[in-house]
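Enquirer: File follows, run.cif with mmCIF, C-alpha atoms and all ligand atoms:
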```cif
data_coords
#
loop_
_atom_site.label_atom_id
_atom_site.label_comp_id
_atom_site.auth_asym_id
_atom_site.auth_seq_id
_atom_site.Cartn_x
_atom_site.Cartn_y
_atom_site.Cartn_z
CA MET C 1 26.58 190.69 172.10
CA ARG C 2 23.74 188.65 173.52
CA LYS C 3 23.82 187.44 177.11
CA HIS C 4 24.95 183.86 177.68
CA ILE C 5 22.77 182.11 180.23
CA VAL C 6 22.81 178.67 181.81
CA ALA C 7 19.79 178.12 184.04
CA GLY C 8 19.07 175.09 186.19
CA ASN C 9 15.45 174.04 186.51
CA TRP C 10 15.48 171.76 189.51
CA LYS C 11 11.80 170.86 188.98
CA MET C 12 10.29 168.95 191.95
CA ASN C 13 13.64 167.74 193.26
CA THR C 14 15.73 168.33 196.40
CA LEU C 15 14.68 168.82 200.00
CA PRO C 16 15.68 172.18 201.48
CA ALA C 17 19.00 171.00 202.92
CA GLU C 18 19.92 169.27 199.65
CA GLY C 19 19.00 172.34 197.66
CA VAL C 20 21.15 174.59 199.81
CA GLU C 21 24.05 172.17 199.46
CA LEU C 22 23.61 172.04 195.69
CA ALA C 23 23.49 175.84 195.47
CA LYS C 24 26.61 176.14 197.59
CA GLY C 25 28.36 173.62 195.34
CA VAL C 26 27.49 175.71 192.29
CA ALA C 27 28.70 178.89 194.02
CA ALA C 28 31.93 177.21 195.12
CA GLY C 29 32.81 176.20 191.56
CA CYS C 30 31.44 179.09 189.56
CA ALA C 31 34.76 180.96 189.33
CA ALA C 32 35.81 178.36 186.75
CA VAL C 33 32.91 179.29 184.46
CA PRO C 34 33.58 182.22 182.08
CA ALA C 35 32.41 185.43 183.75
CA SER C 36 30.32 186.23 180.67
CA VAL C 37 28.01 183.30 181.47
CA ASN C 38 25.06 184.17 183.69
CA LEU C 39 24.25 181.24 185.97
CA ILE C 40 20.74 180.89 187.39
CA VAL C 41 19.26 178.25 189.68
CA CYS C 42 15.52 177.65 189.98
CA PRO C 43 14.73 175.59 193.09
CA PRO C 44 11.27 174.56 194.32
CA PHE C 45 9.28 177.28 196.14
CA THR C 46 9.82 175.68 199.54
CA HIS C 47 13.49 176.55 199.62
CA LEU C 48 13.74 179.53 197.29
CA SER C 49 14.35 181.66 200.34
CA GLN C 50 17.13 179.49 201.79
CA VAL C 51 18.84 179.11 198.42
CA ALA C 52 18.62 182.85 197.76
CA GLU C 53 20.16 183.45 201.19
CA ALA C 54 22.95 180.91 200.54
CA LEU C 55 23.75 182.58 197.22
CA LYS C 56 23.75 186.16 198.50
CA GLY C 57 26.89 187.92 197.37
CA SER C 58 27.64 185.26 194.73
CA ALA C 59 27.34 185.74 190.98
CA ILE C 60 24.51 183.24 190.76
CA ALA C 61 20.95 184.43 190.34
CA VAL C 62 17.85 182.69 191.63
CA GLY C 63 14.59 182.09 189.83
CA ALA C 64 11.25 180.42 190.51
CA GLN C 65 9.69 177.73 188.35
CA ASN C 66 6.27 179.32 188.11
CA CYS C 67 4.18 182.16 189.54
CA ALA C 68 0.50 182.89 190.03
CA ALA C 69 -1.56 184.61 187.35
CA GLU C 70 -3.08 186.94 189.94
CA ALA C 71 -1.47 189.55 192.17
CA LYS C 72 -2.80 188.32 195.53
CA GLY C 73 -5.86 187.16 197.36
CA ALA C 74 -7.98 184.04 197.69
CA TYR C 75 -6.02 181.69 195.46
CA THR C 76 -5.24 178.73 197.71
CA GLY C 77 -1.91 177.10 197.01
CA GLU C 78 -0.65 179.75 194.62
CA VAL C 79 2.54 181.82 194.95
CA ALA C 80 2.48 185.44 193.79
CA ALA C 81 5.24 187.01 191.72
CA SER C 82 5.58 189.69 194.41
CA MET C 83 6.38 186.99 196.99
CA ILE C 84 9.06 185.52 194.74
CA ALA C 85 10.58 188.94 194.09
CA ALA C 86 10.60 189.72 197.82
CA LEU C 87 13.02 186.83 198.33
CA GLY C 88 15.56 188.41 196.01
CA CYS C 89 14.72 186.25 192.99
CA LYS C 90 15.30 187.81 189.59
CA TYR C 91 13.78 185.24 187.22
CA VAL C 92 10.70 183.10 186.76
CA ILE C 93 10.26 180.20 184.36
CA LEU C 94 6.88 180.47 182.62
CA GLY C 95 5.12 178.17 180.20
CA HIS C 96 7.28 175.13 180.80
CA SER C 97 5.87 172.21 178.80
CA GLU C 98 5.27 170.24 182.01
CA ARG C 99 3.01 173.03 183.22
CA ARG C 100 1.25 173.32 179.87
CA GLN C 101 0.81 169.54 179.69
CA TYR C 102 0.03 168.50 183.27
CA TYR C 103 -1.54 171.65 184.68
CA GLY C 104 -3.39 172.91 181.64
CA GLU C 105 -1.57 176.21 181.29
CA THR C 106 -2.85 178.09 178.29
CA SER C 107 -1.68 181.21 176.52
CA GLU C 108 -4.46 183.08 178.30
CA THR C 109 -3.06 182.16 181.73
CA LEU C 110 0.48 182.75 180.58
CA ASN C 111 -0.32 186.28 179.46
CA LYS C 112 -1.47 187.04 183.00
CA LYS C 113 1.57 185.39 184.55
CA MET C 114 3.88 187.37 182.28
CA GLU C 115 2.19 190.58 183.39
CA GLN C 116 2.66 189.61 187.03
CA ALA C 117 6.32 188.80 186.44
CA TYR C 118 7.01 192.16 184.78
CA ALA C 119 4.98 194.07 187.36
CA ASN C 120 7.31 192.66 190.01
CA ASP C 121 10.56 193.11 188.13
CA LEU C 122 11.10 189.42 187.47
CA THR C 123 12.59 188.40 184.14
CA PRO C 124 10.46 185.68 182.57
CA ILE C 125 12.15 182.68 180.99
CA TYR C 126 9.35 181.85 178.59
CA CYS C 127 9.38 178.26 177.33
CA VAL C 128 8.21 177.06 173.94
CA GLY C 129 8.54 173.74 172.18
CA GLU C 130 6.71 171.03 170.26
CA ASN C 131 5.91 167.46 171.25
CA LEU C 132 7.00 164.36 169.37
CA ASP C 133 3.83 164.03 167.25
CA GLU C 134 4.11 167.66 166.21
CA ARG C 135 7.80 167.25 165.31
CA GLU C 136 7.10 164.10 163.30
CA ALA C 137 4.27 165.83 161.47
CA GLY C 138 6.64 168.68 160.60
CA LYS C 139 4.55 171.11 162.63
CA HIS C 140 7.28 172.30 165.03
CA PHE C 141 7.66 175.68 163.35
CA GLU C 142 3.98 176.51 163.50
CA VAL C 143 3.70 175.31 167.12
CA VAL C 144 6.46 177.55 168.45
CA LYS C 145 5.25 180.42 166.27
CA ALA C 146 1.79 180.23 167.87
CA GLN C 147 3.29 179.97 171.39
CA ILE C 148 5.23 183.16 170.69
CA GLU C 149 2.50 185.07 168.89
CA GLU C 150 -0.12 184.32 171.54
CA VAL C 151 2.04 185.51 174.45
CA VAL C 152 5.26 187.29 173.53
CA TYR C 153 3.57 189.45 170.89
CA ASN C 154 1.50 191.00 173.68
CA LEU C 155 4.58 192.45 175.38
CA THR C 156 5.66 196.04 175.04
CA ALA C 157 9.07 196.76 173.50
CA GLU C 158 10.33 197.59 176.96
CA GLN C 159 9.13 194.28 178.38
CA PHE C 160 10.51 192.36 175.41
CA ALA C 161 13.94 193.84 176.05
CA LYS C 162 14.02 191.90 179.35
CA LEU C 163 12.69 188.58 178.04
CA VAL C 164 14.56 185.27 177.89
CA ILE C 165 13.16 182.49 175.70
CA ALA C 166 13.82 178.78 176.15
CA TYR C 167 13.20 176.37 173.30
CA GLU C 168 12.56 172.96 174.77
CA PRO C 169 11.34 170.22 172.46
CA VAL C 170 9.09 168.03 174.64
CA TRP C 171 10.53 164.87 173.07
CA ALA C 172 13.98 165.80 174.34
CA ILE C 173 13.03 166.60 177.94
CA GLY C 174 14.23 163.97 180.38
CA THR C 175 14.46 161.41 177.58
CA GLY C 176 18.20 161.47 176.97
CA LYS C 177 17.30 162.30 173.36
CA THR C 178 18.81 165.70 172.56
CA ALA C 179 18.02 167.78 169.53
CA THR C 180 21.06 167.89 167.28
CA ALA C 181 22.97 171.15 167.27
CA GLU C 182 21.67 171.67 163.72
CA GLN C 183 18.06 171.11 164.76
CA ALA C 184 18.51 173.55 167.62
CA GLN C 185 20.11 176.19 165.40
CA GLU C 186 17.41 175.81 162.76
CA ILE C 187 14.54 176.44 165.13
CA HIS C 188 16.35 179.06 167.24
CA ALA C 189 16.99 181.07 164.06
CA TYR C 190 13.33 180.65 163.17
CA ILE C 191 12.23 181.82 166.62
CA ARG C 192 14.44 184.89 166.25
CA GLN C 193 12.82 185.58 162.89
CA VAL C 194 9.34 185.34 164.44
CA LEU C 195 10.46 187.74 167.19
CA ALA C 196 11.95 190.13 164.64
CA ALA C 197 8.65 190.26 162.74
CA LYS C 198 7.15 191.98 165.79
CA PHE C 199 10.06 193.58 167.63
CA GLY C 200 12.50 194.33 164.81
CA ALA C 201 16.17 194.73 165.61
CA ALA C 202 15.59 194.06 169.32
CA ALA C 203 15.14 190.37 168.44
CA ALA C 204 18.87 190.16 167.87
CA GLU C 205 19.39 190.89 171.58
CA CYS C 206 16.97 188.31 172.99
CA PRO C 207 18.70 185.32 174.62
CA ILE C 208 17.25 182.04 173.33
CA LEU C 209 18.19 179.01 175.44
CA TYR C 210 18.05 175.37 174.44
CA GLY C 211 16.61 172.80 176.84
CA GLY C 212 16.15 169.06 176.66
CA SER C 213 18.70 166.46 177.82
CA CYS C 214 21.45 169.04 177.73
CA LYS C 215 24.55 167.69 179.48
CA PRO C 216 28.28 168.33 179.75
CA SER C 217 28.99 166.07 176.77
CA ASN C 218 26.69 167.89 174.32
CA ALA C 219 26.42 171.46 175.64
CA ALA C 220 29.49 172.91 173.91
CA GLU C 221 28.40 171.73 170.47
CA ILE C 222 24.88 173.13 170.90
CA PHE C 223 26.05 176.42 172.47
CA ALA C 224 28.48 176.95 169.60
CA LYS C 225 25.56 177.56 167.26
CA GLU C 226 24.94 181.16 166.35
CA ASP C 227 21.40 181.50 167.67
CA VAL C 228 21.81 179.37 170.79
CA ASP C 229 22.60 181.57 173.77
CA GLY C 230 22.72 178.98 176.51
CA GLY C 231 20.64 176.29 178.12
CA LEU C 232 17.77 175.52 180.46
CA ILE C 233 18.97 172.43 182.25
CA GLY C 234 16.85 169.85 184.09
CA GLY C 235 18.44 166.61 185.28
CA ALA C 236 22.05 167.71 184.83
CA ALA C 237 21.43 170.80 186.99
CA LEU C 238 20.99 168.56 190.04
CA LYS C 239 24.73 167.91 190.20
CA ALA C 240 26.83 171.02 190.76
CA GLU C 241 29.72 169.55 188.82
CA ASP C 242 27.63 168.78 185.72
CA PHE C 243 25.83 172.11 185.84
CA LEU C 244 29.14 173.97 186.01
CA ALA C 245 30.60 171.83 183.24
CA ILE C 246 27.64 172.87 181.06
CA GLY C 247 28.38 176.49 181.96
CA ASN C 248 31.86 175.84 180.67
CA GLY C 249 30.40 174.82 177.33
CA PHE C 250 30.91 178.35 176.04
CA ALA C 251 34.16 178.96 174.24
CA GLU C 252 35.80 182.01 175.80
P1 LIG C 301 16.21 167.74 181.12
O1 LIG C 301 17.49 168.51 181.04
O2 LIG C 301 16.12 166.85 182.32
O3 LIG C 301 15.89 167.03 179.83
O4 LIG C 301 15.04 168.81 181.33
C1 LIG C 301 15.00 169.93 180.52
C2 LIG C 301 14.00 170.87 181.06
O5 LIG C 301 12.81 170.62 181.01
C3 LIG C 301 14.46 172.12 181.68
O6 LIG C 301 13.42 173.00 181.91
#
```
Show me this structure written as structure tokens.
Ligand code: 13P
Expert:
Amino acid sequence: MRKHIVAGNWKMNTLPAEGVELAKGVAAGCAAVPASVNLIVCPPFTHLSQVAEALKGSAIAVGAQNCAAEAKGAYTGEVAASMIAALGCKYVILGHSERRQYYGETSETLNKKMEQAYANDLTPIYCVGENLDEREAGKHFEVVKAQIEEVVYNLTAEQFAKLVIAYEPVWAIGTGKTATAEQAQEIHAYIRQVLAAKFGAAAAECPILYGGSCKPSNAAEIFAKEDVDGGLIGGAALKAEDFLAIGNGFAE
């Protein structure tokens, strides 16, 4: 059985004290979420350390929202994967559409970031997804296929076994417009097929998360689909209660 994962991407939200409080709220309520669901929070870099400390001994894992493409050195303003790992983080979100769109992240950069993540024992949550124009032009399949081929296909079988994928249609992020459960299932199944073309049977084990306006009221329907293994949550992850309710979207 594939892992069920609900990960909160806090983006550029919360000051340190607020982040610690949010993390503690999630920890306090997580016993109500089925134990089979892996909960992850991804705070901003500034309080990764404090949140990791606050969650020590809990079942909740911590991830970063990005990492540098290089190992170390003269890269002003960057944060190395080794630094993230040293704080006890287990995950790193890579290739989020906001980073591709606003910070010009390309497959070339992402290949280097993936290498850094694996070299430091971080599990990448690799994001793919089309924008509205691409969806309307019926190009969503080819867009996610290219995002996978250009980066995920470069992984070894051993690396692939640790990978988490998040499908996040750009038109659904922060817009309140969610993909229907059917749309999510259709493209998740397609993504799995693209993964299987390279990695064979191992593709059946890769968790594929849905992201984009996922909330307590729609999570259960989306998570019930065969190829949806959880969610990458933005806005709704900023309230412990909503985040936990989404975690409860899995039928036990
Ligand atoms: P929202 O849940 O706010 O739409 O954001 C989704 C997302 O981008 C998570 O990475």
Enquirer: Skip C:Tyr118 itself and residues of its chain fewer than 4 positions away, then list as a list of chain:residue names all residues within 12 Å of it, counting all atoms listed in the file.
Expert: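 My reading of the contact set: C:Cys67, C:Ala69, C:Ala71, C:Ala81, C:Ser82, C:Ala85, C:Lys90, C:Tyr91, C:Val92, C:Leu94, C:Asn111, C:Lys112, C:Lys113, C:Met114, C:Leu122, C:Thr123, C:Pro124, C:Ile125, C:Leu155, C:Thr156, C:Glu158, C:Gln159, C:Phe160, C:Ala161, C:Lys162, C:Leu163.
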Enquirer: Which one of C:Pro216, C:Pro207, C:Gly8, C:Gly57 sits closest to ligand LIG 301 (chain C) if you count all atoms listed in the file?
Expert: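 The shortest atom-to-atom distance to ligand LIG 301 (chain C) comes from C:Gly8.
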Enquirer: Tell me, as a PyMOL selection string, which residues lie within 9 Å of C:Glu168, counting all atoms listed in the file; anything in the same chain fewer than 6 positions away does not count.
Expert: chain C and resi 96-97+127-130+209-212+232
Enquirer: Print the selection's residues with C-alpha atoms to a file, as a PDB file, in the coordinates of the input.
Expert:
```pdb
ATOM      1  CA  HIS C  96       7.280 175.130 180.800  1.00  0.00           C
ATOM      2  CA  SER C  97       5.870 172.210 178.800  1.00  0.00           C
ATOM      3  CA  CYS C 127       9.380 178.260 177.330  1.00  0.00           C
ATOM      4  CA  VAL C 128       8.210 177.060 173.940  1.00  0.00           C
ATOM      5  CA  GLY C 129       8.540 173.740 172.180  1.00  0.00           C
ATOM      6  CA  GLU C 130       6.710 171.030 170.260  1.00  0.00           C
ATOM      7  CA  LEU C 209      18.190 179.010 175.440  1.00  0.00           C
ATOM      8  CA  TYR C 210      18.050 175.370 174.440  1.00  0.00           C
ATOM      9  CA  GLY C 211      16.610 172.800 176.840  1.00  0.00           C
ATOM     10  CA  GLY C 212      16.150 169.060 176.660  1.00  0.00           C
ATOM     11  CA  LEU C 232      17.770 175.520 180.460  1.00  0.00           C
TER      12      LEU C 232
END
```
Enquirer: Can you work out which residues are within 9 Å of ligand LIG 301 (chain C), considering only C-alpha atoms and all ligand atoms, and then hand them over as a CSV table (one decimal) with C-alpha atoms, in the frame of the given file?
Expert:
```
chain,number,residue,atom,x,y,z
C,7,ALA,CA,19.8,178.1,184.0
C,8,GLY,CA,19.1,175.1,186.2
C,9,ASN,CA,15.4,174.0,186.5
C,10,TRP,CA,15.5,171.8,189.5
C,11,LYS,CA,11.8,170.9,189.0
C,65,GLN,CA,9.7,177.7,188.4
C,93,ILE,CA,10.3,180.2,184.4
C,96,HIS,CA,7.3,175.1,180.8
C,97,SER,CA,5.9,172.2,178.8
C,98,GLU,CA,5.3,170.2,182.0
C,127,CYS,CA,9.4,178.3,177.3
C,166,ALA,CA,13.8,178.8,176.2
C,168,GLU,CA,12.6,173.0,174.8
C,169,PRO,CA,11.3,170.2,172.5
C,170,VAL,CA,9.1,168.0,174.6
C,171,TRP,CA,10.5,164.9,173.1
C,172,ALA,CA,14.0,165.8,174.3
C,173,ILE,CA,13.0,166.6,177.9
C,174,GLY,CA,14.2,164.0,180.4
C,175,THR,CA,14.5,161.4,177.6
C,176,GLY,CA,18.2,161.5,177.0
C,177,LYS,CA,17.3,162.3,173.4
C,178,THR,CA,18.8,165.7,172.6
C,210,TYR,CA,18.0,175.4,174.4
C,211,GLY,CA,16.6,172.8,176.8
C,212,GLY,CA,16.2,169.1,176.7
C,213,SER,CA,18.7,166.5,177.8
C,214,CYS,CA,21.4,169.0,177.7
C,215,LYS,CA,24.6,167.7,179.5
C,231,GLY,CA,20.6,176.3,178.1
C,232,LEU,CA,17.8,175.5,180.5
C,233,ILE,CA,19.0,172.4,182.2
C,234,GLY,CA,16.8,169.8,184.1
C,235,GLY,CA,18.4,166.6,185.3
C,236,ALA,CA,22.0,167.7,184.8
C,237,ALA,CA,21.4,170.8,187.0
```
Enquirer: Mind giving me the straight-line distance from atom CA of C:Phe199 to atom CA of C:Gly63 in Å, one decimal?
Expert: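 Straight-line distance from atom CA of C:Phe199 to atom CA of C:Gly63 works out to 25.4 Å.
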Enquirer: Extract, using all atoms listed in the file, all DNA, RNA and protein residues at most 7 Å from C:His4, discarding same-chain residues fewer than 5 positions from it, and format them as a compact mmCIF listing (two decimals) with C-alpha atoms, in the coordinates of the input.
Expert:
```
# COMPACT_ATOMS: atom_id res chain seq x y z
CA SER C 36 30.32 186.23 180.67
CA VAL C 37 28.01 183.30 181.47
CA ASN C 38 25.06 184.17 183.69
CA ASP C 229 22.60 181.57 173.77
CA GLY C 230 22.72 178.98 176.51
```
Enquirer: Excluding C:Leu39 and its own-chain neighbours fewer than 5 positions away, which residues fall within 8 Å of it when counting all atoms listed in the file? Please give them as a PDB file with C-alpha atoms, keeping the file's coordinate frame.
Expert:
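File out.pdb, as written:
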```
ATOM      1  CA  ILE C   5      22.770 182.110 180.230  1.00  0.00           C
ATOM      2  CA  VAL C   6      22.810 178.670 181.810  1.00  0.00           C
ATOM      3  CA  ALA C   7      19.790 178.120 184.040  1.00  0.00           C
ATOM      4  CA  ALA C  59      27.340 185.740 190.980  1.00  0.00           C
ATOM      5  CA  ILE C  60      24.510 183.240 190.760  1.00  0.00           C
ATOM      6  CA  ALA C  61      20.950 184.430 190.340  1.00  0.00           C
ATOM      7  CA  GLY C 247      28.380 176.490 181.960  1.00  0.00           C
TER       8      GLY C 247
END
```
Enquirer: Which residues, written as a list in words, have at least one atom at most 7 Å from C:Val151, with only C-alpha atoms counted and residues fewer than 4 positions away on the same chain left out?
Expert: Ser107, Leu110, Asn111 and Gln147 of chain C
Enquirer: What separation in Å, quoted to one decimal, exists between atom CA of C:Ala23 and atom CA of C:Ala54?
Expert: 7.2 Å
Enquirer: Any idea what the distance is between atom CA of C:Phe250 and atom CA of C:Ala220?
Expert: 6.0 Å
Enquirer: Please write a file for stretch 208-233 of chain C, taken from the block I just shared, that holds N, CA and C atoms and is laid out as a tab-separated table (two decimals), in the first residue's frame.
Expert:
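Dumped to result-v9.tsv:
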```tsv
chain	number	residue	atom	x	y	z
C	208	ILE	N	1.58	10.18	-4.90
C	208	ILE	CA	1.30	11.36	-5.73
C	208	ILE	C	0.23	12.18	-5.01
C	209	LEU	N	0.62	13.39	-4.60
C	209	LEU	CA	-0.26	14.26	-3.83
C	209	LEU	C	-0.96	15.25	-4.74
C	210	TYR	N	-2.15	15.65	-4.35
C	210	TYR	CA	-2.86	16.71	-5.08
C	210	TYR	C	-2.70	18.02	-4.31
C	211	GLY	N	-2.51	19.11	-5.01
C	211	GLY	CA	-2.45	20.42	-4.37
C	211	GLY	C	-3.16	21.47	-5.19
C	212	GLY	N	-3.82	22.37	-4.51
C	212	GLY	CA	-4.54	23.45	-5.19
C	212	GLY	C	-5.92	23.63	-4.59
C	213	SER	N	-6.02	24.61	-3.65
C	213	SER	CA	-7.31	24.89	-2.99
C	213	SER	C	-7.93	23.66	-2.33
C	214	CYS	N	-7.07	22.82	-1.81
C	214	CYS	CA	-7.55	21.65	-1.08
C	214	CYS	C	-7.98	22.12	0.32
C	215	LYS	N	-9.14	21.72	0.75
C	215	LYS	CA	-9.65	22.15	2.05
C	215	LYS	C	-10.47	21.03	2.69
C	216	PRO	N	-10.86	21.23	3.97
C	216	PRO	CA	-11.58	20.14	4.64
C	216	PRO	C	-12.82	19.69	3.87
C	217	SER	N	-13.48	20.62	3.19
C	217	SER	CA	-14.74	20.25	2.52
C	217	SER	C	-14.54	19.46	1.22
C	218	ASN	N	-13.34	19.49	0.64
C	218	ASN	CA	-13.18	18.73	-0.62
C	218	ASN	C	-12.12	17.63	-0.54
C	219	ALA	N	-11.35	17.60	0.55
C	219	ALA	CA	-10.23	16.66	0.62
C	219	ALA	C	-10.68	15.20	0.52
C	220	ALA	N	-11.69	14.83	1.27
C	220	ALA	CA	-12.09	13.42	1.33
C	220	ALA	C	-12.46	12.89	-0.06
C	221	GLU	N	-13.17	13.71	-0.83
C	221	GLU	CA	-13.60	13.25	-2.16
C	221	GLU	C	-12.39	13.06	-3.08
C	222	ILE	N	-11.45	13.99	-2.98
C	222	ILE	CA	-10.25	13.89	-3.85
C	222	ILE	C	-9.37	12.72	-3.40
C	223	PHE	N	-9.18	12.59	-2.08
C	223	PHE	CA	-8.30	11.53	-1.55
C	223	PHE	C	-8.89	10.13	-1.78
C	224	ALA	N	-10.19	10.07	-2.02
C	224	ALA	CA	-10.82	8.76	-2.22
C	224	ALA	C	-10.44	8.17	-3.58
C	225	LYS	N	-9.90	8.99	-4.46
C	225	LYS	CA	-9.55	8.49	-5.79
C	225	LYS	C	-8.30	7.61	-5.73
C	226	GLU	N	-8.33	6.60	-6.56
C	226	GLU	CA	-7.31	5.55	-6.50
C	226	GLU	C	-5.86	6.05	-6.57
C	227	ASP	N	-5.61	7.00	-7.45
C	227	ASP	CA	-4.21	7.42	-7.63
C	227	ASP	C	-3.84	8.70	-6.88
C	228	VAL	N	-4.74	9.13	-5.99
C	228	VAL	CA	-4.44	10.31	-5.17
C	228	VAL	C	-4.04	9.82	-3.78
C	229	ASP	N	-2.82	10.15	-3.39
C	229	ASP	CA	-2.29	9.60	-2.13
C	229	ASP	C	-2.17	10.63	-1.02
C	230	GLY	N	-2.81	11.77	-1.21
C	230	GLY	CA	-2.78	12.80	-0.19
C	230	GLY	C	-2.75	14.17	-0.81
C	231	GLY	N	-2.32	15.16	-0.01
C	231	GLY	CA	-2.38	16.53	-0.52
C	231	GLY	C	-1.19	17.37	-0.09
C	232	LEU	N	-0.90	18.38	-0.92
C	232	LEU	CA	0.05	19.43	-0.55
C	232	LEU	C	-0.81	20.68	-0.37
C	233	ILE	N	-0.86	21.15	0.86
C	233	ILE	CA	-1.86	22.13	1.26
C	233	ILE	C	-1.24	23.49	1.50
```
